[in-house]
$ cat input21.cif   # mmCIF, C-alpha atoms and all ligand atoms
data_target
#
loop_
_atom_site.group_PDB
_atom_site.id
_atom_site.type_symbol
_atom_site.label_atom_id
_atom_site.label_comp_id
_atom_site.auth_asym_id
_atom_site.auth_seq_id
_atom_site.Cartn_x
_atom_site.Cartn_y
_atom_site.Cartn_z
ATOM 1 C CA MET A 10 0.000 0.000 0.000
ATOM 2 C CA TRP A 11 2.905 2.367 0.748
ATOM 3 C CA GLU A 12 3.914 2.872 -2.895
ATOM 4 C CA LYS A 13 0.308 3.350 -4.018
ATOM 5 C CA VAL A 14 -0.295 5.948 -1.310
ATOM 6 C CA GLN A 15 2.857 7.868 -2.272
ATOM 7 C CA GLU A 16 1.877 7.738 -5.948
ATOM 8 C CA THR A 17 -1.579 9.161 -5.163
ATOM 9 C CA VAL A 18 -0.080 11.829 -2.911
ATOM 10 C CA LYS A 19 2.254 12.902 -5.716
ATOM 11 C CA PHE A 20 -0.655 12.947 -8.185
ATOM 12 C CA LEU A 21 -2.744 15.159 -5.900
ATOM 13 C CA GLN A 22 0.163 17.485 -5.136
ATOM 14 C CA GLU A 23 0.706 17.947 -8.858
ATOM 15 C CA LYS A 24 -3.000 18.873 -9.118
ATOM 16 C CA GLY A 25 -2.339 21.655 -6.615
ATOM 17 C CA ILE A 26 -3.448 19.995 -3.379
ATOM 18 C CA THR A 27 -0.676 21.055 -1.071
ATOM 19 C CA THR A 28 -0.538 20.705 2.727
ATOM 20 C CA PRO A 29 -4.146 20.954 3.872
ATOM 21 C CA ASP A 30 -4.579 21.589 7.628
ATOM 22 C CA PHE A 31 -7.554 19.278 8.130
ATOM 23 C CA GLY A 32 -9.034 16.224 6.505
ATOM 24 C CA ILE A 33 -12.809 15.878 6.581
ATOM 25 C CA VAL A 34 -14.843 12.747 5.856
ATOM 26 C CA LEU A 35 -18.376 13.772 4.957
ATOM 27 C CA GLY A 36 -20.887 11.074 5.819
ATOM 28 C CA THR A 37 -24.409 10.272 4.647
ATOM 29 C CA GLY A 38 -26.427 13.396 3.910
ATOM 30 C CA LEU A 39 -23.684 15.625 5.262
ATOM 31 C CA GLY A 40 -22.012 15.902 1.885
ATOM 32 C CA ASN A 41 -23.464 19.357 1.412
ATOM 33 C CA LEU A 42 -21.055 20.835 3.934
ATOM 34 C CA VAL A 43 -19.188 21.416 0.686
ATOM 35 C CA ASP A 44 -21.579 24.298 -0.023
ATOM 36 C CA VAL A 45 -19.745 26.369 2.563
ATOM 37 C CA ILE A 46 -16.231 25.460 1.466
ATOM 38 C CA SER A 47 -14.496 28.013 -0.762
ATOM 39 C CA ILE A 48 -13.548 25.395 -3.287
ATOM 40 C CA GLU A 49 -10.194 25.562 -5.022
ATOM 41 C CA LYS A 50 -10.180 22.098 -6.557
ATOM 42 C CA ARG A 51 -12.628 19.243 -6.864
ATOM 43 C CA ILE A 52 -11.453 15.938 -8.232
ATOM 44 C CA PRO A 53 -13.843 12.996 -8.811
ATOM 45 C CA TYR A 54 -12.556 9.782 -7.299
ATOM 46 C CA ASP A 55 -12.539 8.050 -10.651
ATOM 47 C CA GLU A 56 -9.950 10.557 -11.881
ATOM 48 C CA ILE A 57 -7.596 9.954 -8.965
ATOM 49 C CA VAL A 58 -4.776 7.461 -9.416
ATOM 50 C CA ASN A 59 -5.343 4.326 -7.278
ATOM 51 C CA PHE A 60 -8.610 5.599 -5.735
ATOM 52 C CA PRO A 61 -11.555 3.249 -5.305
ATOM 53 C CA VAL A 62 -14.868 4.548 -6.732
ATOM 54 C CA SER A 63 -17.975 4.830 -4.536
ATOM 55 C CA THR A 64 -21.397 3.775 -5.830
ATOM 56 C CA VAL A 65 -24.120 4.137 -3.186
ATOM 57 C CA GLU A 66 -26.934 6.614 -3.760
ATOM 58 C CA GLY A 67 -26.290 9.797 -1.818
ATOM 59 C CA HIS A 68 -22.544 9.295 -1.850
ATOM 60 C CA HIS A 69 -20.885 11.572 -4.373
ATOM 61 C CA GLY A 70 -17.373 10.457 -4.866
ATOM 62 C CA GLU A 71 -14.997 13.384 -5.014
ATOM 63 C CA LEU A 72 -12.191 15.029 -3.153
ATOM 64 C CA ILE A 73 -12.700 18.688 -2.429
ATOM 65 C CA PHE A 74 -9.853 21.004 -1.595
ATOM 66 C CA GLY A 75 -10.481 24.497 -0.364
ATOM 67 C CA GLU A 76 -10.866 26.858 2.546
ATOM 68 C CA LEU A 77 -13.290 26.563 5.423
ATOM 69 C CA GLY A 78 -13.218 28.590 8.615
ATOM 70 C CA GLY A 79 -9.944 30.102 7.437
ATOM 71 C CA LYS A 80 -8.227 26.702 7.223
ATOM 72 C CA LYS A 81 -7.158 24.641 4.245
ATOM 73 C CA VAL A 82 -9.265 21.504 4.161
ATOM 74 C CA LEU A 83 -9.394 18.377 2.080
ATOM 75 C CA ALA A 84 -12.853 16.846 2.201
ATOM 76 C CA MET A 85 -13.912 13.410 1.073
ATOM 77 C CA ARG A 86 -17.401 13.597 -0.344
ATOM 78 C CA GLY A 87 -18.363 9.957 -0.215
ATOM 79 C CA ARG A 88 -16.547 7.207 1.628
ATOM 80 C CA PHE A 89 -15.822 3.558 0.916
ATOM 81 C CA HIS A 90 -18.137 1.420 3.005
ATOM 82 C CA TYR A 91 -17.211 -2.152 3.795
ATOM 83 C CA TYR A 92 -20.781 -3.252 2.961
ATOM 84 C CA GLU A 93 -20.322 -2.099 -0.619
ATOM 85 C CA GLY A 94 -17.785 -4.852 -1.012
ATOM 86 C CA TRP A 95 -14.662 -2.741 -0.592
ATOM 87 C CA LYS A 96 -11.736 -4.268 1.168
ATOM 88 C CA MET A 97 -10.760 -2.583 4.420
ATOM 89 C CA SER A 98 -7.586 -1.447 2.649
ATOM 90 C CA ASP A 99 -9.816 0.506 0.200
ATOM 91 C CA THR A 100 -11.859 1.970 3.044
ATOM 92 C CA ILE A 101 -8.796 3.454 4.707
ATOM 93 C CA PHE A 102 -6.782 4.299 1.572
ATOM 94 C CA PRO A 103 -7.865 7.966 1.408
ATOM 95 C CA ILE A 104 -6.970 8.465 5.073
ATOM 96 C CA ARG A 105 -3.469 7.164 4.358
ATOM 97 C CA VAL A 106 -3.264 9.629 1.456
ATOM 98 C CA MET A 107 -4.420 12.494 3.683
ATOM 99 C CA LYS A 108 -1.655 11.763 6.166
ATOM 100 C CA TYR A 109 1.068 11.949 3.522
ATOM 101 C CA LEU A 110 -0.385 15.143 2.095
ATOM 102 C CA GLY A 111 0.554 16.525 5.495
ATOM 103 C CA ILE A 112 -2.781 16.318 7.317
ATOM 104 C CA GLU A 113 -2.495 15.697 11.067
ATOM 105 C CA LYS A 114 -6.108 16.298 12.063
ATOM 106 C CA LEU A 115 -9.180 14.472 10.837
ATOM 107 C CA ILE A 116 -12.855 15.351 11.192
ATOM 108 C CA VAL A 117 -15.295 12.514 10.561
ATOM 109 C CA SER A 118 -19.063 12.635 10.300
ATOM 110 C CA ASN A 119 -21.731 10.012 9.889
ATOM 111 C CA ALA A 120 -25.359 9.117 10.429
ATOM 112 C CA SER A 121 -26.251 6.600 13.093
ATOM 113 C CA GLY A 122 -29.062 4.940 14.954
ATOM 114 C CA GLY A 123 -29.437 6.091 18.561
ATOM 115 C CA VAL A 124 -29.842 3.408 21.223
ATOM 116 C CA LYS A 125 -29.558 5.590 24.310
ATOM 117 C CA THR A 126 -32.776 6.574 26.069
ATOM 118 C CA GLY A 127 -33.295 10.298 25.639
ATOM 119 C CA PHE A 128 -31.669 10.560 22.232
ATOM 120 C CA LYS A 129 -33.940 12.109 19.619
ATOM 121 C CA VAL A 130 -34.036 11.872 15.855
ATOM 122 C CA GLY A 131 -32.050 14.823 14.502
ATOM 123 C CA ASP A 132 -29.733 15.091 17.509
ATOM 124 C CA VAL A 133 -26.055 15.667 16.840
ATOM 125 C CA MET A 134 -23.661 13.553 18.908
ATOM 126 C CA LEU A 135 -20.012 14.161 19.610
ATOM 127 C CA ILE A 136 -18.314 10.781 19.278
ATOM 128 C CA THR A 137 -16.224 10.331 22.420
ATOM 129 C CA ASP A 138 -15.232 6.707 21.836
ATOM 130 C CA HIS A 139 -16.053 3.776 19.604
ATOM 131 C CA ILE A 140 -16.465 0.016 19.612
ATOM 132 C CA ASN A 141 -15.139 -1.823 16.593
ATOM 133 C CA MET A 142 -17.496 -4.671 15.697
ATOM 134 C CA MET A 143 -16.643 -4.743 12.003
ATOM 135 C CA PRO A 144 -15.947 -8.304 10.838
ATOM 136 C CA GLU A 145 -12.500 -7.430 9.515
ATOM 137 C CA HIS A 146 -9.858 -5.200 11.069
ATOM 138 C CA PRO A 147 -8.381 -2.486 8.829
ATOM 139 C CA LEU A 148 -4.876 -3.212 10.141
ATOM 140 C CA ASN A 149 -4.973 -6.966 9.874
ATOM 141 C CA GLY A 150 -2.123 -8.591 7.971
ATOM 142 C CA ALA A 151 1.526 -7.585 7.748
ATOM 143 C CA ASN A 152 2.208 -4.221 9.351
ATOM 144 C CA ASP A 153 4.118 -1.565 7.436
ATOM 145 C CA GLU A 154 6.079 0.291 10.120
ATOM 146 C CA ARG A 155 6.332 3.310 7.844
ATOM 147 C CA PHE A 156 2.631 3.924 8.495
ATOM 148 C CA GLY A 157 2.716 3.130 12.194
ATOM 149 C CA PRO A 158 3.299 0.502 14.868
ATOM 150 C CA ARG A 159 1.970 -3.056 14.880
ATOM 151 C CA PHE A 160 0.100 -2.529 18.142
ATOM 152 C CA VAL A 161 -1.702 0.778 18.120
ATOM 153 C CA ASP A 162 -2.495 2.683 21.276
ATOM 154 C CA MET A 163 -6.214 3.512 21.273
ATOM 155 C CA HIS A 164 -6.622 5.072 24.717
ATOM 156 C CA GLU A 165 -7.674 8.374 23.168
ATOM 157 C CA PRO A 166 -9.318 7.539 19.832
ATOM 158 C CA TYR A 167 -11.016 10.945 19.677
ATOM 159 C CA ASP A 168 -8.800 13.841 20.680
ATOM 160 C CA LEU A 169 -9.792 15.354 24.015
ATOM 161 C CA GLU A 170 -8.813 18.917 23.111
ATOM 162 C CA MET A 171 -10.697 18.827 19.830
ATOM 163 C CA ALA A 172 -13.733 17.402 21.645
ATOM 164 C CA GLN A 173 -13.630 20.164 24.244
ATOM 165 C CA LEU A 174 -13.525 22.822 21.558
ATOM 166 C CA VAL A 175 -16.660 21.349 19.940
ATOM 167 C CA ARG A 176 -18.416 21.316 23.310
ATOM 168 C CA ASP A 177 -17.530 24.977 23.908
ATOM 169 C CA ILE A 178 -18.764 25.968 20.461
ATOM 170 C CA ALA A 179 -22.018 24.034 20.919
ATOM 171 C CA ILE A 180 -22.708 25.816 24.214
ATOM 172 C CA GLU A 181 -21.945 29.223 22.722
ATOM 173 C CA ASN A 182 -24.322 28.506 19.835
ATOM 174 C CA ASN A 183 -27.088 27.052 21.968
ATOM 175 C CA VAL A 184 -26.764 23.720 20.207
ATOM 176 C CA LYS A 185 -27.783 20.680 22.185
ATOM 177 C CA LEU A 186 -24.825 18.379 21.666
ATOM 178 C CA GLN A 187 -25.196 14.771 22.715
ATOM 179 C CA GLU A 188 -22.114 12.729 23.499
ATOM 180 C CA GLY A 189 -21.468 9.059 23.330
ATOM 181 C CA VAL A 190 -19.947 5.883 22.021
ATOM 182 C CA TYR A 191 -20.386 4.836 18.385
ATOM 183 C CA LEU A 192 -20.441 1.150 17.550
ATOM 184 C CA ALA A 193 -19.693 0.000 14.006
ATOM 185 C CA LEU A 194 -21.410 -2.989 12.436
ATOM 186 C CA GLN A 195 -20.870 -4.002 8.826
ATOM 187 C CA GLY A 196 -24.447 -3.424 7.561
ATOM 188 C CA PRO A 197 -26.019 -3.012 5.088
ATOM 189 C CA THR A 198 -29.100 -4.107 7.035
ATOM 190 C CA PHE A 199 -30.278 -1.758 9.757
ATOM 191 C CA GLU A 200 -30.506 -3.516 13.104
ATOM 192 C CA THR A 201 -33.233 -5.809 14.364
ATOM 193 C CA PRO A 202 -34.732 -4.887 17.764
ATOM 194 C CA ALA A 203 -32.574 -7.586 19.335
ATOM 195 C CA GLU A 204 -29.455 -6.208 17.654
ATOM 196 C CA TYR A 205 -30.187 -2.653 18.869
ATOM 197 C CA ARG A 206 -30.514 -4.156 22.352
ATOM 198 C CA MET A 207 -27.176 -5.918 21.881
ATOM 199 C CA VAL A 208 -25.543 -2.638 20.816
ATOM 200 C CA ARG A 209 -26.822 -0.944 23.960
ATOM 201 C CA LEU A 210 -25.730 -3.831 26.177
ATOM 202 C CA MET A 211 -22.283 -3.687 24.625
ATOM 203 C CA GLY A 212 -21.915 -0.162 25.941
ATOM 204 C CA ALA A 213 -22.645 1.990 22.920
ATOM 205 C CA ASP A 214 -24.990 4.931 22.414
ATOM 206 C CA THR A 215 -25.296 4.792 18.634
ATOM 207 C CA VAL A 216 -24.735 2.308 15.842
ATOM 208 C CA GLY A 217 -23.629 2.798 12.278
ATOM 209 C CA MET A 218 -21.775 1.227 9.376
ATOM 210 C CA SER A 219 -18.685 3.389 8.948
ATOM 211 C CA THR A 220 -16.105 5.693 10.533
ATOM 212 C CA VAL A 221 -14.355 3.249 12.858
ATOM 213 C CA PRO A 222 -11.990 1.845 10.189
ATOM 214 C CA GLU A 223 -11.010 5.358 9.120
ATOM 215 C CA VAL A 224 -10.356 6.456 12.701
ATOM 216 C CA ILE A 225 -8.283 3.326 13.378
ATOM 217 C CA ALA A 226 -6.149 4.041 10.295
ATOM 218 C CA ALA A 227 -5.770 7.671 11.355
ATOM 219 C CA LYS A 228 -4.666 6.646 14.853
ATOM 220 C CA HIS A 229 -2.256 4.111 13.368
ATOM 221 C CA MET A 230 -0.513 7.049 11.695
ATOM 222 C CA GLY A 231 -0.660 9.297 14.760
ATOM 223 C CA MET A 232 -3.401 11.607 13.522
ATOM 224 C CA LYS A 233 -5.890 13.321 15.826
ATOM 225 C CA CYS A 234 -9.600 12.745 15.268
ATOM 226 C CA MET A 235 -12.872 14.512 15.983
ATOM 227 C CA GLY A 236 -16.191 12.873 15.140
ATOM 228 C CA LEU A 237 -19.791 14.032 14.868
ATOM 229 C CA SER A 238 -22.750 11.747 14.319
ATOM 230 C CA VAL A 239 -26.280 12.681 13.324
ATOM 231 C CA ILE A 240 -28.871 10.470 14.979
ATOM 232 C CA THR A 241 -31.213 9.696 12.110
ATOM 233 C CA ASP A 242 -33.338 6.983 13.736
ATOM 234 C CA LEU A 243 -33.809 5.263 17.054
ATOM 235 C CA GLY A 244 -33.252 1.733 18.250
ATOM 236 C CA VAL A 245 -34.225 2.473 21.823
ATOM 237 C CA GLU A 246 -35.975 -0.331 23.716
ATOM 238 C CA GLY A 247 -39.710 -0.058 23.045
ATOM 239 C CA LEU A 248 -39.128 2.640 20.443
ATOM 240 C CA VAL A 249 -37.723 0.676 17.523
ATOM 241 C CA GLU A 250 -39.399 2.045 14.410
ATOM 242 C CA PRO A 251 -39.031 1.310 10.713
ATOM 243 C CA VAL A 252 -36.116 3.078 9.070
ATOM 244 C CA SER A 253 -35.110 3.616 5.451
ATOM 245 C CA HIS A 254 -32.097 5.048 3.670
ATOM 246 C CA GLU A 255 -34.317 7.920 2.462
ATOM 247 C CA GLU A 256 -35.322 8.849 6.003
ATOM 248 C CA VAL A 257 -31.726 8.705 7.130
ATOM 249 C CA GLN A 258 -30.789 11.095 4.308
ATOM 250 C CA GLU A 259 -33.674 13.447 5.098
ATOM 251 C CA VAL A 260 -32.888 13.750 8.800
ATOM 252 C CA ALA A 261 -29.200 14.144 8.082
ATOM 253 C CA LYS A 262 -30.006 16.951 5.653
ATOM 254 C CA VAL A 263 -31.794 18.942 8.354
ATOM 255 C CA ALA A 264 -29.097 18.356 10.978
ATOM 256 C CA GLU A 265 -26.471 19.226 8.408
ATOM 257 C CA LYS A 266 -26.870 22.937 9.083
ATOM 258 C CA VAL A 267 -26.031 22.393 12.748
ATOM 259 C CA VAL A 268 -23.067 20.177 11.911
ATOM 260 C CA SER A 269 -21.811 22.708 9.341
ATOM 261 C CA LYS A 270 -21.952 25.523 11.872
ATOM 262 C CA LEU A 271 -20.089 23.461 14.466
ATOM 263 C CA VAL A 272 -17.414 22.427 11.988
ATOM 264 C CA VAL A 273 -16.886 25.927 10.552
ATOM 265 C CA ASP A 274 -16.530 27.482 14.016
ATOM 266 C CA PHE A 275 -14.342 24.581 15.074
ATOM 267 C CA LEU A 276 -11.959 25.182 12.182
ATOM 268 C CA ALA A 277 -11.958 28.939 12.732
ATOM 269 C CA ARG A 278 -10.951 28.433 16.373
ATOM 270 C CA SER A 279 -8.421 25.644 15.798
HETATM 271 N N1 LIG B 1 -28.063 1.484 12.084
HETATM 272 C C1 LIG B 1 -26.965 1.398 11.348
HETATM 273 N N2 LIG B 1 -26.541 2.378 10.573
HETATM 274 C C2 LIG B 1 -27.242 3.509 10.542
HETATM 275 C C3 LIG B 1 -28.393 3.647 11.299
HETATM 276 C C4 LIG B 1 -28.844 2.569 12.106
HETATM 277 O O1 LIG B 1 -29.868 2.620 12.796
HETATM 278 N N3 LIG B 1 -28.873 4.898 11.050
HETATM 279 C C5 LIG B 1 -28.021 5.472 10.171
HETATM 280 N N4 LIG B 1 -27.033 4.643 9.867
#

$ encode --input "input21.cif" --output "structure tokens" --more "lines below"
Ligand code: HPA
Amino acid sequence: MWEKVQETVKFLQEKGITTPDFGIVLGTGLGNLVDVISIEKRIPYDEIVNFPVSTVEGHHGELIFGELGGKKVLAMRGRFHYYEGWKMSDTIFPIRVMKYLGIEKLIVSNASGGVKTGFKVGDVMLITDHINMMPEHPLNGANDERFGPRFVDMHEPYDLEMAQLVRDIAIENNVKLQEGVYLALQGPTFETPAEYRMVRLMGADTVGMSTVPEVIAAKHMGMKCMGLSVITDLGVEGLVEPVSHEEVQEVAKVAEKVVSKLVVDFLARS
């Protein structure tokens, strides 16, 4: 993977993407955060050397380079979900590329199902920790020490300082910010009532199908991460209701404005 990553980095640098401050992974329905980026370059994934190409409805595959909150950002519009059939190495490839473009800080966003009593549809949750229940680990196999160590310290998966800054900004903006643990399952099915119960019993507050592999890869390379999740549906005991991809997109679209505001202020103050 090392050579491929370096080749892609070189390709992107030649396209004018030089030393962004932050990497951003835009999740389901949050892709429109791009509307507030002063875009300098946008490059569709299928034009990027070695990049996988995303297919799911609602996931536009492109890298966007520009300015947001006074910082240079490189945003992934569309990610590579395991359930689409991508290998974990594809899922984390863009994060590896970000690192060698010089990015040290990563912002991830996603949509998830809330399993904590009190969570409401449309709430935004600061991800404080995660539980990796994906069937395959992104770092399994031979370790390339150039990326990072074999055994990765995960005591602070989400950076405490970055988290505190988001909390401060939420308070100042009168945004109710939930906090909690995100658990990743492979999908693509949403959970059964019994599975939502399992997620809760395992110690999580929300469940989704992404993010954890990317954060693991980022931590492997010593990057700092901040994560926000939009609660698009509930799997709370006694409150498990039907959910569809369309509903998830719709709720995420509404919450997007809140997430955008938090992220822009976050960047401006970082
Ligand atoms: N489960 C898994 N993934 C999700 C959910 C959910 O309830 N909502 C949005 N993404």

$ residues_near_ligand --input "input21.cif" --ligand "ligand LIG 1 (chain B)" --cutoff "8 Å" --atoms "all atoms listed in the file" --output "list in words"
Asn119, Ala120, Ser121, Gly122, Gly123, Ala193, Leu194, Gly196, Pro197, Thr198, Phe199, Glu200, Thr215, Val216, Gly217, Met218, Ile240, Thr241, Asp242, Leu243, Gly244, Val252, His254 and Val257 of chain A

$ resolve_selection --input "input21.cif" --expression "the PyMOL selection byres (((chain A and resi 263) around 12) and not hetatm)" --output "PyMOL selection string"
chain A and resi 37-39+41-42+120+130-133+239-241+256-262+264-269

$ resolve_selection --input "input21.cif" --expression "the PyMOL selection byres (((chain A and resi 114) around 12) and not hetatm)" --output "MDAnalysis selection string"
chainID A and resid 28:34 80:84 104 107:113 115:117 167:168 170:171 224 227:228 230:236 276 279

$ atom_distance --input "input21.cif" --atom1 "atom CA of Asp177 of chain A" --atom2 "atom CA of Gly78 of chain A"
16.3 Å

$ resolve_selection --input "input21.cif" --expression "the PyMOL selection byres (((chain A and resi 58) around 10) and not hetatm)" --output "list in words"
Lys13, Val14, Glu16, Thr17, Val18, Lys19, Phe20, Leu21, Tyr54, Asp55, Glu56, Ile57, Asn59, Phe60 and Pro61 of chain A

$ atom_distance --input "input21.cif" --atom1 "atom CA of Leu271 of chain A" --atom2 "atom CA of Arg86 of chain A"
18.0 Å

$ atom_distance --input "input21.cif" --atom1 "atom CA of Glu181 of chain A" --atom2 "atom CA of Glu165 of chain A"
25.3 Å

$ closest_residue --input "input21.cif" --among "A:Met143, A:Leu210, A:Met85, A:Ile46" --to "Val62 of chain A" --atoms "all atoms listed in the file"
A:Met85

$ residues_around --input "input21.cif" --residues "Gln195 of chain A" --least-positions-apart "5" --cutoff "10 Å" --atoms "all atoms listed in the file" --output "NGL selection string"
:A and (90-93 or 141-145 or 217-219)

$ closest_residue --input "input21.cif" --among "A:Gln22, A:Thr137, A:Ser47, A:Gln173" --to "Val190 of chain A" --atoms "all atoms listed in the file"
A:Thr137

$ closest_residue --input "input21.cif" --among "A:Leu148, A:Val45, A:Val272, A:Ile140" --to "Ala179 of chain A" --atoms "only C-alpha atoms"
A:Val272

$ closest_residue --input "input21.cif" --among "A:Thr100, A:Asn183, A:Thr27, A:Thr126" --to "His146 of chain A" --atoms "only C-alpha atoms"
A:Thr100

$ closest_residue --input "input21.cif" --among "A:Val106, A:Ile52, A:Val43, A:Val161" --to "Glu76 of chain A" --atoms "all atoms listed in the file"
A:Val43

$ closest_residue --input "input21.cif" --among "A:Val249, A:Leu77, A:Met207, A:Met97" --to "Pro147 of chain A" --atoms "only C-alpha atoms"
A:Met97

$ build_atoms --input "input21.cif" --residues "segment 41-67 of chain A" --atoms "N, CA and C atoms" --output "mmCIF file, in the coordinates of the input"
data_model
loop_
_atom_site.group_PDB
_atom_site.id
_atom_site.type_symbol
_atom_site.label_atom_id
_atom_site.label_comp_id
_atom_site.auth_asym_id
_atom_site.auth_seq_id
_atom_site.Cartn_x
_atom_site.Cartn_y
_atom_site.Cartn_z
ATOM 1 N N ASN A 41 -23.261 17.975 1.836
ATOM 2 C CA ASN A 41 -23.464 19.357 1.412
ATOM 3 C C ASN A 41 -22.726 20.392 2.249
ATOM 4 N N LEU A 42 -21.965 19.926 3.233
ATOM 5 C CA LEU A 42 -21.055 20.835 3.934
ATOM 6 C C LEU A 42 -20.150 21.516 2.893
ATOM 7 N N VAL A 43 -20.029 20.852 1.757
ATOM 8 C CA VAL A 43 -19.188 21.416 0.686
ATOM 9 C C VAL A 43 -19.718 22.767 0.203
ATOM 10 N N ASP A 44 -21.013 23.014 0.415
ATOM 11 C CA ASP A 44 -21.579 24.298 -0.023
ATOM 12 C C ASP A 44 -20.923 25.486 0.679
ATOM 13 N N VAL A 45 -20.362 25.248 1.848
ATOM 14 C CA VAL A 45 -19.745 26.369 2.563
ATOM 15 C C VAL A 45 -18.223 26.404 2.418
ATOM 16 N N ILE A 46 -17.684 25.443 1.713
ATOM 17 C CA ILE A 46 -16.231 25.460 1.466
ATOM 18 C C ILE A 46 -15.951 26.377 0.272
ATOM 19 N N SER A 47 -14.950 27.253 0.414
ATOM 20 C CA SER A 47 -14.496 28.013 -0.762
ATOM 21 C C SER A 47 -13.614 27.055 -1.550
ATOM 22 N N ILE A 48 -14.212 26.500 -2.583
ATOM 23 C CA ILE A 48 -13.548 25.395 -3.287
ATOM 24 C C ILE A 48 -12.457 25.877 -4.234
ATOM 25 N N GLU A 49 -11.289 25.262 -4.090
ATOM 26 C CA GLU A 49 -10.194 25.562 -5.022
ATOM 27 C C GLU A 49 -10.081 24.481 -6.083
ATOM 28 N N LYS A 50 -10.297 23.239 -5.633
ATOM 29 C CA LYS A 50 -10.180 22.098 -6.557
ATOM 30 C C LYS A 50 -11.199 21.045 -6.176
ATOM 31 N N ARG A 51 -11.845 20.450 -7.154
ATOM 32 C CA ARG A 51 -12.628 19.243 -6.864
ATOM 33 C C ARG A 51 -12.260 18.174 -7.878
ATOM 34 N N ILE A 52 -11.931 17.021 -7.356
ATOM 35 C CA ILE A 52 -11.453 15.938 -8.232
ATOM 36 C C ILE A 52 -12.275 14.678 -7.968
ATOM 37 N N PRO A 53 -13.066 14.234 -8.979
ATOM 38 C CA PRO A 53 -13.843 12.996 -8.811
ATOM 39 C C PRO A 53 -12.913 11.818 -8.535
ATOM 40 N N TYR A 54 -13.384 10.931 -7.669
ATOM 41 C CA TYR A 54 -12.556 9.782 -7.299
ATOM 42 C C TYR A 54 -12.062 9.003 -8.506
ATOM 43 N N ASP A 55 -12.951 8.895 -9.524
ATOM 44 C CA ASP A 55 -12.539 8.050 -10.651
ATOM 45 C C ASP A 55 -11.453 8.689 -11.512
ATOM 46 N N GLU A 56 -11.069 9.934 -11.155
ATOM 47 C CA GLU A 56 -9.950 10.557 -11.881
ATOM 48 C C GLU A 56 -8.665 10.524 -11.068
ATOM 49 N N ILE A 57 -8.769 9.959 -9.845
ATOM 50 C CA ILE A 57 -7.596 9.954 -8.965
ATOM 51 C C ILE A 57 -6.882 8.606 -9.040
ATOM 52 N N VAL A 58 -5.608 8.668 -9.333
ATOM 53 C CA VAL A 58 -4.776 7.461 -9.416
ATOM 54 C C VAL A 58 -4.937 6.596 -8.163
ATOM 55 N N ASN A 59 -5.232 5.336 -8.350
ATOM 56 C CA ASN A 59 -5.343 4.326 -7.278
ATOM 57 C C ASN A 59 -6.582 4.445 -6.382
ATOM 58 N N PHE A 60 -7.447 5.429 -6.619
ATOM 59 C CA PHE A 60 -8.610 5.599 -5.735
ATOM 60 C C PHE A 60 -9.716 4.608 -6.070
ATOM 61 N N PRO A 61 -10.353 4.041 -5.042
ATOM 62 C CA PRO A 61 -11.555 3.249 -5.305
ATOM 63 C C PRO A 61 -12.687 4.201 -5.721
ATOM 64 N N VAL A 62 -13.759 3.695 -6.299
ATOM 65 C CA VAL A 62 -14.868 4.548 -6.732
ATOM 66 C C VAL A 62 -16.151 4.132 -6.017
ATOM 67 N N SER A 63 -16.795 5.109 -5.358
ATOM 68 C CA SER A 63 -17.975 4.830 -4.536
ATOM 69 C C SER A 63 -19.258 4.821 -5.379
ATOM 70 N N THR A 64 -20.220 3.979 -4.986
ATOM 71 C CA THR A 64 -21.397 3.775 -5.830
ATOM 72 C C THR A 64 -22.749 4.075 -5.185
ATOM 73 N N VAL A 65 -22.825 4.061 -3.860
ATOM 74 C CA VAL A 65 -24.120 4.137 -3.186
ATOM 75 C C VAL A 65 -24.806 5.479 -3.415
ATOM 76 N N GLU A 66 -26.120 5.423 -3.571
ATOM 77 C CA GLU A 66 -26.934 6.614 -3.760
ATOM 78 C C GLU A 66 -26.698 7.579 -2.595
ATOM 79 N N GLY A 67 -26.513 8.826 -2.885
ATOM 80 C CA GLY A 67 -26.290 9.797 -1.818
ATOM 81 C C GLY A 67 -24.819 9.963 -1.476
#
